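Chemist: As input, take final_39.cif (mmCIF, N, CA and C atoms and all ligand atoms):
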data_coords
#
loop_
_atom_site.label_atom_id
_atom_site.label_comp_id
_atom_site.auth_asym_id
_atom_site.auth_seq_id
_atom_site.Cartn_x
_atom_site.Cartn_y
_atom_site.Cartn_z
N MET A 29 2.40 56.66 -40.04
CA MET A 29 2.54 56.26 -41.45
C MET A 29 3.82 55.48 -41.67
N GLU A 30 3.71 54.40 -42.39
CA GLU A 30 4.86 53.56 -42.71
C GLU A 30 4.90 53.32 -44.21
N ARG A 31 6.09 52.90 -44.67
CA ARG A 31 6.21 52.45 -46.06
C ARG A 31 6.72 51.02 -46.07
N THR A 32 6.23 50.24 -47.02
CA THR A 32 6.74 48.89 -47.19
C THR A 32 6.99 48.63 -48.67
N PHE A 33 7.70 47.55 -48.94
CA PHE A 33 8.05 47.21 -50.31
C PHE A 33 7.24 45.99 -50.74
N SER A 34 6.81 46.00 -52.00
CA SER A 34 5.95 44.94 -52.53
C SER A 34 6.38 44.57 -53.94
N ILE A 35 6.27 43.29 -54.26
CA ILE A 35 6.49 42.84 -55.65
C ILE A 35 5.26 42.05 -56.09
N ILE A 36 4.75 42.39 -57.28
CA ILE A 36 3.76 41.53 -57.93
C ILE A 36 4.57 40.60 -58.83
N LYS A 37 4.48 39.31 -58.56
CA LYS A 37 5.41 38.33 -59.13
C LYS A 37 5.01 37.88 -60.55
N PRO A 38 5.93 37.16 -61.23
CA PRO A 38 5.69 36.78 -62.64
C PRO A 38 4.42 35.95 -62.88
N ASP A 39 3.98 35.16 -61.89
CA ASP A 39 2.74 34.39 -62.14
C ASP A 39 1.54 35.32 -62.30
N ALA A 40 1.59 36.48 -61.62
CA ALA A 40 0.48 37.45 -61.69
C ALA A 40 0.58 38.31 -62.95
N THR A 41 1.80 38.72 -63.33
CA THR A 41 1.91 39.52 -64.56
C THR A 41 1.52 38.65 -65.76
N ARG A 42 1.91 37.36 -65.73
CA ARG A 42 1.59 36.43 -66.84
C ARG A 42 0.08 36.30 -67.03
N ARG A 43 -0.65 36.28 -65.90
CA ARG A 43 -2.11 36.12 -66.00
C ARG A 43 -2.85 37.46 -66.12
N ASN A 44 -2.07 38.55 -66.23
CA ASN A 44 -2.67 39.89 -66.43
C ASN A 44 -3.62 40.27 -65.31
N ILE A 45 -3.19 39.99 -64.07
CA ILE A 45 -4.06 40.31 -62.92
C ILE A 45 -3.40 41.32 -61.98
N THR A 46 -2.47 42.15 -62.52
CA THR A 46 -1.81 43.13 -61.64
C THR A 46 -2.84 44.12 -61.08
N GLY A 47 -3.81 44.48 -61.89
CA GLY A 47 -4.84 45.42 -61.42
C GLY A 47 -5.65 44.84 -60.27
N LYS A 48 -5.97 43.55 -60.38
CA LYS A 48 -6.74 42.89 -59.31
C LYS A 48 -5.94 42.87 -58.01
N VAL A 49 -4.62 42.61 -58.13
CA VAL A 49 -3.76 42.58 -56.94
C VAL A 49 -3.68 43.98 -56.32
N ILE A 50 -3.45 44.99 -57.17
CA ILE A 50 -3.34 46.36 -56.66
C ILE A 50 -4.66 46.80 -56.01
N ASN A 51 -5.78 46.37 -56.59
CA ASN A 51 -7.08 46.69 -56.01
C ASN A 51 -7.20 46.16 -54.58
N CYS A 52 -6.71 44.92 -54.36
CA CYS A 52 -6.76 44.35 -53.00
C CYS A 52 -5.94 45.22 -52.04
N LEU A 53 -4.77 45.68 -52.50
CA LEU A 53 -3.90 46.48 -51.64
C LEU A 53 -4.57 47.82 -51.31
N GLU A 54 -5.16 48.44 -52.34
CA GLU A 54 -5.82 49.74 -52.12
C GLU A 54 -7.07 49.59 -51.25
N GLU A 55 -7.85 48.57 -51.53
CA GLU A 55 -9.06 48.33 -50.72
C GLU A 55 -8.68 48.03 -49.27
N GLY A 56 -7.48 47.46 -49.09
CA GLY A 56 -7.00 47.14 -47.75
C GLY A 56 -6.41 48.34 -47.02
N GLY A 57 -6.41 49.50 -47.66
CA GLY A 57 -6.00 50.73 -46.97
C GLY A 57 -4.59 51.20 -47.30
N LEU A 58 -3.94 50.54 -48.26
CA LEU A 58 -2.58 50.97 -48.63
C LEU A 58 -2.62 51.81 -49.91
N ARG A 59 -1.60 52.67 -50.04
CA ARG A 59 -1.53 53.58 -51.18
C ARG A 59 -0.23 53.31 -51.93
N VAL A 60 -0.31 53.19 -53.25
CA VAL A 60 0.91 52.99 -54.06
C VAL A 60 1.58 54.35 -54.23
N VAL A 61 2.81 54.50 -53.72
CA VAL A 61 3.51 55.79 -53.83
C VAL A 61 4.72 55.71 -54.76
N ALA A 62 5.00 54.50 -55.26
CA ALA A 62 6.04 54.31 -56.30
C ALA A 62 5.76 52.97 -56.94
N GLN A 63 6.01 52.90 -58.25
CA GLN A 63 5.70 51.65 -58.96
C GLN A 63 6.44 51.60 -60.28
N LYS A 64 7.02 50.44 -60.61
CA LYS A 64 7.51 50.22 -61.97
C LYS A 64 7.48 48.75 -62.33
N ARG A 65 7.30 48.53 -63.64
CA ARG A 65 7.29 47.16 -64.17
C ARG A 65 8.68 46.91 -64.74
N ILE A 66 9.32 45.85 -64.25
CA ILE A 66 10.70 45.56 -64.66
C ILE A 66 10.84 44.06 -64.92
N HIS A 67 11.89 43.71 -65.64
CA HIS A 67 12.26 42.29 -65.75
C HIS A 67 13.55 42.15 -64.95
N MET A 68 13.48 41.52 -63.79
CA MET A 68 14.66 41.40 -62.92
C MET A 68 15.75 40.61 -63.61
N THR A 69 16.98 41.05 -63.43
CA THR A 69 18.11 40.26 -63.92
C THR A 69 18.39 39.15 -62.90
N GLU A 70 19.15 38.15 -63.34
CA GLU A 70 19.49 37.06 -62.43
C GLU A 70 20.27 37.62 -61.23
N ALA A 71 21.19 38.56 -61.50
CA ALA A 71 22.01 39.14 -60.43
C ALA A 71 21.12 39.88 -59.42
N GLN A 72 20.15 40.62 -59.92
CA GLN A 72 19.23 41.34 -59.01
C GLN A 72 18.45 40.37 -58.13
N ALA A 73 17.90 39.31 -58.75
CA ALA A 73 17.10 38.34 -57.98
C ALA A 73 17.98 37.62 -56.97
N GLN A 74 19.19 37.27 -57.36
CA GLN A 74 20.11 36.58 -56.43
C GLN A 74 20.41 37.47 -55.23
N GLU A 75 20.66 38.75 -55.50
CA GLU A 75 21.00 39.66 -54.41
C GLU A 75 19.78 39.96 -53.54
N PHE A 76 18.64 40.17 -54.20
CA PHE A 76 17.43 40.50 -53.45
C PHE A 76 17.07 39.38 -52.47
N TYR A 77 17.23 38.13 -52.92
CA TYR A 77 16.85 36.98 -52.09
C TYR A 77 18.06 36.32 -51.42
N ALA A 78 19.17 37.07 -51.29
CA ALA A 78 20.41 36.51 -50.72
C ALA A 78 20.20 35.87 -49.35
N VAL A 79 19.24 36.40 -48.58
CA VAL A 79 18.96 35.86 -47.25
C VAL A 79 18.53 34.38 -47.32
N HIS A 80 18.01 33.97 -48.48
CA HIS A 80 17.55 32.58 -48.66
C HIS A 80 18.58 31.70 -49.38
N LYS A 81 19.81 32.22 -49.53
CA LYS A 81 20.83 31.56 -50.36
C LYS A 81 21.05 30.08 -50.00
N GLU A 82 20.97 29.77 -48.72
CA GLU A 82 21.24 28.39 -48.29
C GLU A 82 19.98 27.51 -48.35
N ARG A 83 18.85 28.09 -48.67
CA ARG A 83 17.61 27.29 -48.66
C ARG A 83 17.51 26.45 -49.93
N PRO A 84 16.87 25.29 -49.84
CA PRO A 84 16.81 24.40 -51.01
C PRO A 84 16.04 24.99 -52.19
N PHE A 85 15.16 25.97 -51.92
CA PHE A 85 14.34 26.53 -53.01
C PHE A 85 14.97 27.76 -53.67
N TYR A 86 16.20 28.14 -53.24
CA TYR A 86 16.80 29.41 -53.69
C TYR A 86 16.96 29.48 -55.22
N ASN A 87 17.56 28.45 -55.81
CA ASN A 87 17.81 28.51 -57.26
C ASN A 87 16.50 28.57 -58.06
N ASP A 88 15.53 27.77 -57.64
CA ASP A 88 14.23 27.79 -58.32
C ASP A 88 13.55 29.15 -58.14
N LEU A 89 13.70 29.72 -56.96
CA LEU A 89 13.10 31.03 -56.69
C LEU A 89 13.70 32.10 -57.61
N VAL A 90 15.02 32.07 -57.75
CA VAL A 90 15.69 33.04 -58.64
C VAL A 90 15.22 32.83 -60.08
N SER A 91 15.13 31.58 -60.53
CA SER A 91 14.66 31.34 -61.91
C SER A 91 13.23 31.83 -62.09
N PHE A 92 12.39 31.55 -61.09
CA PHE A 92 10.99 31.98 -61.20
C PHE A 92 10.89 33.50 -61.25
N MET A 93 11.62 34.20 -60.38
CA MET A 93 11.50 35.66 -60.30
C MET A 93 12.06 36.36 -61.54
N THR A 94 12.86 35.63 -62.34
CA THR A 94 13.40 36.21 -63.58
C THR A 94 12.69 35.62 -64.81
N SER A 95 11.61 34.86 -64.59
CA SER A 95 10.94 34.17 -65.70
C SER A 95 9.99 35.09 -66.48
N GLY A 96 9.74 36.27 -65.96
CA GLY A 96 8.84 37.21 -66.62
C GLY A 96 8.87 38.53 -65.88
N PRO A 97 8.10 39.52 -66.38
CA PRO A 97 8.10 40.82 -65.70
C PRO A 97 7.50 40.75 -64.30
N VAL A 98 7.92 41.69 -63.48
CA VAL A 98 7.34 41.87 -62.15
C VAL A 98 6.98 43.35 -62.00
N VAL A 99 6.13 43.65 -61.03
CA VAL A 99 5.85 45.06 -60.69
C VAL A 99 6.40 45.29 -59.29
N VAL A 100 7.39 46.18 -59.19
CA VAL A 100 7.93 46.53 -57.87
C VAL A 100 7.25 47.82 -57.43
N GLN A 101 6.92 47.89 -56.14
CA GLN A 101 6.17 49.06 -55.68
C GLN A 101 6.43 49.37 -54.21
N VAL A 102 6.22 50.63 -53.88
CA VAL A 102 6.28 51.08 -52.50
C VAL A 102 4.85 51.38 -52.07
N LEU A 103 4.47 50.82 -50.93
CA LEU A 103 3.13 51.01 -50.40
C LEU A 103 3.21 51.81 -49.11
N GLU A 104 2.28 52.72 -48.94
CA GLU A 104 2.27 53.59 -47.76
C GLU A 104 0.95 53.43 -47.03
N GLY A 105 1.01 53.50 -45.71
CA GLY A 105 -0.22 53.45 -44.91
C GLY A 105 0.11 53.24 -43.46
N GLU A 106 -0.95 53.22 -42.65
CA GLU A 106 -0.76 52.97 -41.23
C GLU A 106 -0.34 51.52 -41.04
N ASN A 107 0.74 51.30 -40.30
CA ASN A 107 1.23 49.92 -40.08
C ASN A 107 1.41 49.16 -41.39
N ALA A 108 1.98 49.82 -42.39
CA ALA A 108 2.01 49.27 -43.76
C ALA A 108 2.65 47.89 -43.85
N VAL A 109 3.72 47.65 -43.07
CA VAL A 109 4.41 46.35 -43.17
C VAL A 109 3.47 45.22 -42.77
N VAL A 110 2.87 45.35 -41.60
CA VAL A 110 1.97 44.32 -41.08
C VAL A 110 0.68 44.25 -41.91
N ARG A 111 0.17 45.42 -42.25
CA ARG A 111 -1.09 45.47 -43.02
C ARG A 111 -0.91 44.75 -44.36
N ASN A 112 0.21 45.03 -45.04
CA ASN A 112 0.47 44.39 -46.33
C ASN A 112 0.53 42.87 -46.18
N ARG A 113 1.16 42.41 -45.10
CA ARG A 113 1.27 40.97 -44.89
C ARG A 113 -0.09 40.33 -44.59
N GLU A 114 -0.95 41.09 -43.91
CA GLU A 114 -2.31 40.59 -43.68
C GLU A 114 -3.07 40.46 -45.01
N ILE A 115 -2.92 41.49 -45.84
CA ILE A 115 -3.65 41.49 -47.12
C ILE A 115 -3.13 40.39 -48.04
N MET A 116 -1.80 40.12 -47.98
CA MET A 116 -1.20 39.07 -48.83
C MET A 116 -1.63 37.68 -48.38
N GLY A 117 -1.67 37.44 -47.08
CA GLY A 117 -1.93 36.10 -46.55
C GLY A 117 -0.65 35.30 -46.42
N ALA A 118 -0.78 34.06 -45.92
CA ALA A 118 0.39 33.22 -45.64
C ALA A 118 1.17 32.91 -46.92
N THR A 119 2.50 32.69 -46.74
CA THR A 119 3.38 32.40 -47.87
C THR A 119 2.85 31.24 -48.72
N ASN A 120 2.43 30.18 -48.03
CA ASN A 120 1.86 29.03 -48.74
C ASN A 120 0.37 29.26 -48.92
N PRO A 121 -0.10 29.36 -50.16
CA PRO A 121 -1.53 29.68 -50.37
C PRO A 121 -2.48 28.71 -49.69
N SER A 122 -2.02 27.47 -49.48
CA SER A 122 -2.94 26.52 -48.83
C SER A 122 -3.12 26.84 -47.35
N ASP A 123 -2.24 27.67 -46.78
CA ASP A 123 -2.39 28.11 -45.39
C ASP A 123 -3.03 29.51 -45.29
N ALA A 124 -3.25 30.15 -46.43
CA ALA A 124 -3.71 31.55 -46.42
C ALA A 124 -5.20 31.65 -46.11
N ASP A 125 -5.56 32.71 -45.38
CA ASP A 125 -6.96 32.94 -45.03
C ASP A 125 -7.77 33.35 -46.27
N ALA A 126 -9.05 33.03 -46.23
CA ALA A 126 -9.97 33.44 -47.30
C ALA A 126 -9.92 34.96 -47.46
N GLY A 127 -9.98 35.41 -48.70
CA GLY A 127 -10.01 36.85 -48.98
C GLY A 127 -8.64 37.47 -49.13
N THR A 128 -7.58 36.73 -48.81
CA THR A 128 -6.23 37.27 -48.99
C THR A 128 -5.80 37.09 -50.45
N ILE A 129 -4.79 37.89 -50.85
CA ILE A 129 -4.31 37.83 -52.25
C ILE A 129 -3.82 36.42 -52.58
N ARG A 130 -3.05 35.84 -51.67
CA ARG A 130 -2.49 34.52 -51.99
C ARG A 130 -3.56 33.44 -52.04
N LYS A 131 -4.58 33.53 -51.19
CA LYS A 131 -5.67 32.55 -51.25
C LYS A 131 -6.42 32.69 -52.57
N GLU A 132 -6.65 33.95 -52.96
CA GLU A 132 -7.43 34.22 -54.17
C GLU A 132 -6.67 33.88 -55.44
N PHE A 133 -5.37 34.22 -55.46
CA PHE A 133 -4.66 34.24 -56.75
C PHE A 133 -3.44 33.33 -56.86
N ALA A 134 -2.79 32.97 -55.73
CA ALA A 134 -1.51 32.26 -55.84
C ALA A 134 -1.69 30.87 -56.44
N GLU A 135 -0.66 30.46 -57.18
CA GLU A 135 -0.69 29.12 -57.82
C GLU A 135 0.01 28.07 -56.96
N SER A 136 1.02 28.51 -56.19
CA SER A 136 1.82 27.57 -55.37
C SER A 136 2.63 28.39 -54.37
N ILE A 137 3.38 27.70 -53.51
CA ILE A 137 4.22 28.42 -52.53
C ILE A 137 5.28 29.27 -53.25
N GLU A 138 5.73 28.82 -54.41
CA GLU A 138 6.72 29.60 -55.17
C GLU A 138 6.01 30.69 -55.99
N ALA A 139 5.04 30.27 -56.78
CA ALA A 139 4.30 31.23 -57.62
C ALA A 139 3.16 31.80 -56.77
N ASN A 140 3.55 32.58 -55.75
CA ASN A 140 2.54 33.03 -54.78
C ASN A 140 2.16 34.50 -54.95
N SER A 141 2.31 34.98 -56.19
CA SER A 141 1.72 36.25 -56.67
C SER A 141 2.30 37.54 -56.11
N VAL A 142 2.71 37.55 -54.83
CA VAL A 142 3.21 38.79 -54.23
C VAL A 142 4.33 38.51 -53.24
N HIS A 143 5.20 39.49 -53.11
CA HIS A 143 6.18 39.53 -52.03
C HIS A 143 5.92 40.79 -51.22
N GLY A 144 6.15 40.72 -49.91
CA GLY A 144 6.06 41.91 -49.07
C GLY A 144 7.14 41.87 -48.00
N SER A 145 7.70 43.02 -47.67
CA SER A 145 8.74 43.08 -46.64
C SER A 145 8.23 42.50 -45.33
N ASP A 146 9.14 41.86 -44.58
CA ASP A 146 8.73 41.22 -43.32
C ASP A 146 9.00 42.09 -42.09
N SER A 147 9.66 43.23 -42.27
CA SER A 147 9.92 44.14 -41.14
C SER A 147 10.16 45.54 -41.70
N LEU A 148 10.06 46.53 -40.83
CA LEU A 148 10.29 47.91 -41.25
C LEU A 148 11.74 48.10 -41.70
N GLU A 149 12.64 47.43 -41.01
CA GLU A 149 14.07 47.51 -41.35
C GLU A 149 14.31 46.94 -42.76
N ASN A 150 13.73 45.77 -43.03
CA ASN A 150 13.89 45.18 -44.37
C ASN A 150 13.16 45.99 -45.44
N ALA A 151 12.05 46.61 -45.06
CA ALA A 151 11.31 47.43 -46.01
C ALA A 151 12.22 48.55 -46.54
N GLU A 152 12.93 49.20 -45.64
CA GLU A 152 13.84 50.29 -46.06
C GLU A 152 14.91 49.79 -46.99
N ILE A 153 15.48 48.63 -46.66
CA ILE A 153 16.55 48.05 -47.49
C ILE A 153 15.98 47.68 -48.87
N GLU A 154 14.82 47.04 -48.88
CA GLU A 154 14.24 46.56 -50.14
C GLU A 154 13.77 47.73 -51.01
N ILE A 155 13.21 48.77 -50.40
CA ILE A 155 12.80 49.96 -51.17
C ILE A 155 14.04 50.56 -51.84
N GLY A 156 15.12 50.66 -51.08
CA GLY A 156 16.37 51.24 -51.60
C GLY A 156 17.00 50.40 -52.70
N PHE A 157 16.67 49.14 -52.73
CA PHE A 157 17.20 48.23 -53.75
C PHE A 157 16.64 48.58 -55.13
N PHE A 158 15.41 49.07 -55.19
CA PHE A 158 14.75 49.30 -56.48
C PHE A 158 14.39 50.76 -56.77
N PHE A 159 14.36 51.61 -55.73
CA PHE A 159 13.88 52.98 -55.95
C PHE A 159 14.85 54.02 -55.39
N LYS A 160 14.97 55.12 -56.14
CA LYS A 160 15.66 56.31 -55.61
C LYS A 160 14.62 57.16 -54.88
N ALA A 161 15.10 57.98 -53.97
CA ALA A 161 14.18 58.77 -53.14
C ALA A 161 13.22 59.60 -54.00
N ASP A 162 13.71 60.17 -55.11
CA ASP A 162 12.85 61.05 -55.91
C ASP A 162 11.85 60.29 -56.80
N GLU A 163 11.90 58.96 -56.75
CA GLU A 163 10.91 58.17 -57.50
C GLU A 163 9.71 57.81 -56.62
N ILE A 164 9.78 58.18 -55.34
CA ILE A 164 8.69 57.86 -54.41
C ILE A 164 7.91 59.14 -54.15
N VAL A 165 6.64 59.12 -54.54
CA VAL A 165 5.84 60.35 -54.45
C VAL A 165 4.59 60.05 -53.64
N GLY A 166 4.58 60.51 -52.40
CA GLY A 166 3.46 60.19 -51.52
C GLY A 166 2.40 61.26 -51.54
P1 LIG A 201 8.61 35.74 -50.64
O1 LIG A 201 7.82 36.52 -49.68
O2 LIG A 201 8.90 36.39 -51.95
O3 LIG A 201 10.01 35.33 -49.97
C1 LIG A 201 10.74 34.20 -50.38
C2 LIG A 201 9.98 33.34 -51.35
O4 LIG A 201 10.46 32.03 -51.53
C3 LIG A 201 8.57 33.15 -50.84
O5 LIG A 201 7.85 34.35 -50.93
C4 LIG A 201 8.08 32.00 -51.72
O6 LIG A 201 7.50 32.44 -52.91
C5 LIG A 201 9.38 31.27 -52.09
N1 LIG A 201 9.41 29.92 -51.61
C6 LIG A 201 9.50 28.82 -52.39
N2 LIG A 201 9.52 27.71 -51.65
C7 LIG A 201 9.43 28.11 -50.35
C8 LIG A 201 9.39 27.40 -49.11
N3 LIG A 201 9.45 26.07 -49.04
N4 LIG A 201 9.30 28.13 -47.97
C9 LIG A 201 9.25 29.49 -48.03
N5 LIG A 201 9.29 30.20 -49.18
C10 LIG A 201 9.36 29.51 -50.33
#
Can you dump the structure from the file as structure tokens?
Ligand code: CMP
Modeler:
Amino acid sequence: MERTFSIIKPDATRRNITGKVINCLEEGGLRVVAQKRIHMTEAQAQEFYAVHKERPFYNDLVSFMTSGPVVVQVLEGENAVVRNREIMGATNPSDADAGTIRKEFAESIEANSVHGSDSLENAEIEIGFFFKADEIVG
């Protein structure tokens, strides 16, 4: 059993499709063990995406992630990190496989509906960024 971190991004909350996204995750074998709807501050988004600070899309990414509410969540399951990334599909929706969340729902590479941790190590860091241990109930 593993845990990973997931964000349903502002393009999905704006279109009121959080339930559809969560359904894909659950149907894909993952379980939501922590969840909250928040409006990220600029400081939070800057720190969360600090690894991309030097990338040309960083400022736009921070503006997008603070443009509306997001749903942050912890997902649990077998191979949760890899499984979540399979269910999400490629970062760029035009490269994503049919049936993935990003193929179905993403609007663009930026407004790509979901974020998921890329490794178990980052999952732990990202979970700790938004959740206290007693907020995760498996
Ligand atoms: P995410 O998994 O949240 O991690 C970083 C985000 O940057 C990524 O999803 C995309 O939404 C966004 N992004 C915007 N432009 C690019 C790009 N050219 N390459 C990679 N990620 C991008």
Chemist: Kindly work out which residues sit at most 7 Å from ligand LIG 201 (chain A), using all atoms listed in the file, and give the list as an NGL selection string.
Modeler: :A and (77 or 85-86 or 89 or 119-120 or 136-145)
Chemist: Have a look at A:Ala151, A:Ile129, A:Leu103, A:Met116 and name the one nearest to Ala62 in chain A; count all atoms listed in the file.
Modeler: A:Leu103
Chemist: Measure the distance from CA of Ala134 in chain A to CA of Gln74 in chain A in Å and round it to one decimal.
Modeler: 22.1 Å
Chemist: Given 6 Å on each side, where is the centre and what are the edge lengths in Å to one decimal of the axis-aligned box enclosing the listed atoms of range 142-160 of chain A, as AutoDock Vina command-line options?
Modeler:
--center_x 10.0 --center_y 47.4 --center_z -48.8 --size_x 26.5 --size_y 31.6 --size_z 27.9
Chemist: Rank nothing, just name the residue among A:Glu132, A:Asp146, A:Glu75, A:Glu54 nearest to Val109 in chain A, using only N, CA and C atoms.
Modeler: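 For Val109 in chain A, the nearest of the candidates is A:Asp146.
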Chemist: Mind listing the strand (DSSP E or B) residues of range 52-126 of chain A, per DSSP on the backbone, as a list in words?
Modeler: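 Secondary structure check on range 52-126 of chain A, strand (DSSP E or B): Arg59, Val60, Val61, Ala62, Gln63, Lys64, Arg65, Ile66, Val98, Val99, Val100, Gln101, Val102, Leu103, Glu104 and Gly105 of chain A.
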Chemist: Using only C-alpha atoms, which residue out of A:Glu154, A:Arg83, A:Ala73, A:Leu58 lies closest to Glu114 in chain A?
Modeler: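 Of A:Glu154, A:Arg83, A:Ala73, A:Leu58, the one nearest Glu114 in chain A, counting only C-alpha atoms, is A:Leu58.
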Chemist: Report, in Å to a single decimal, how far apart atom C of Val98 in chain A and atom N of Leu53 in chain A are.
Modeler: 15.3 Å
Chemist: My list of candidates is A:Ile115, A:Ile164, A:Val110, A:Met93. Which is closest to Gly127 in chain A when distances are computed with all atoms listed in the file?
Modeler: A:Ile115
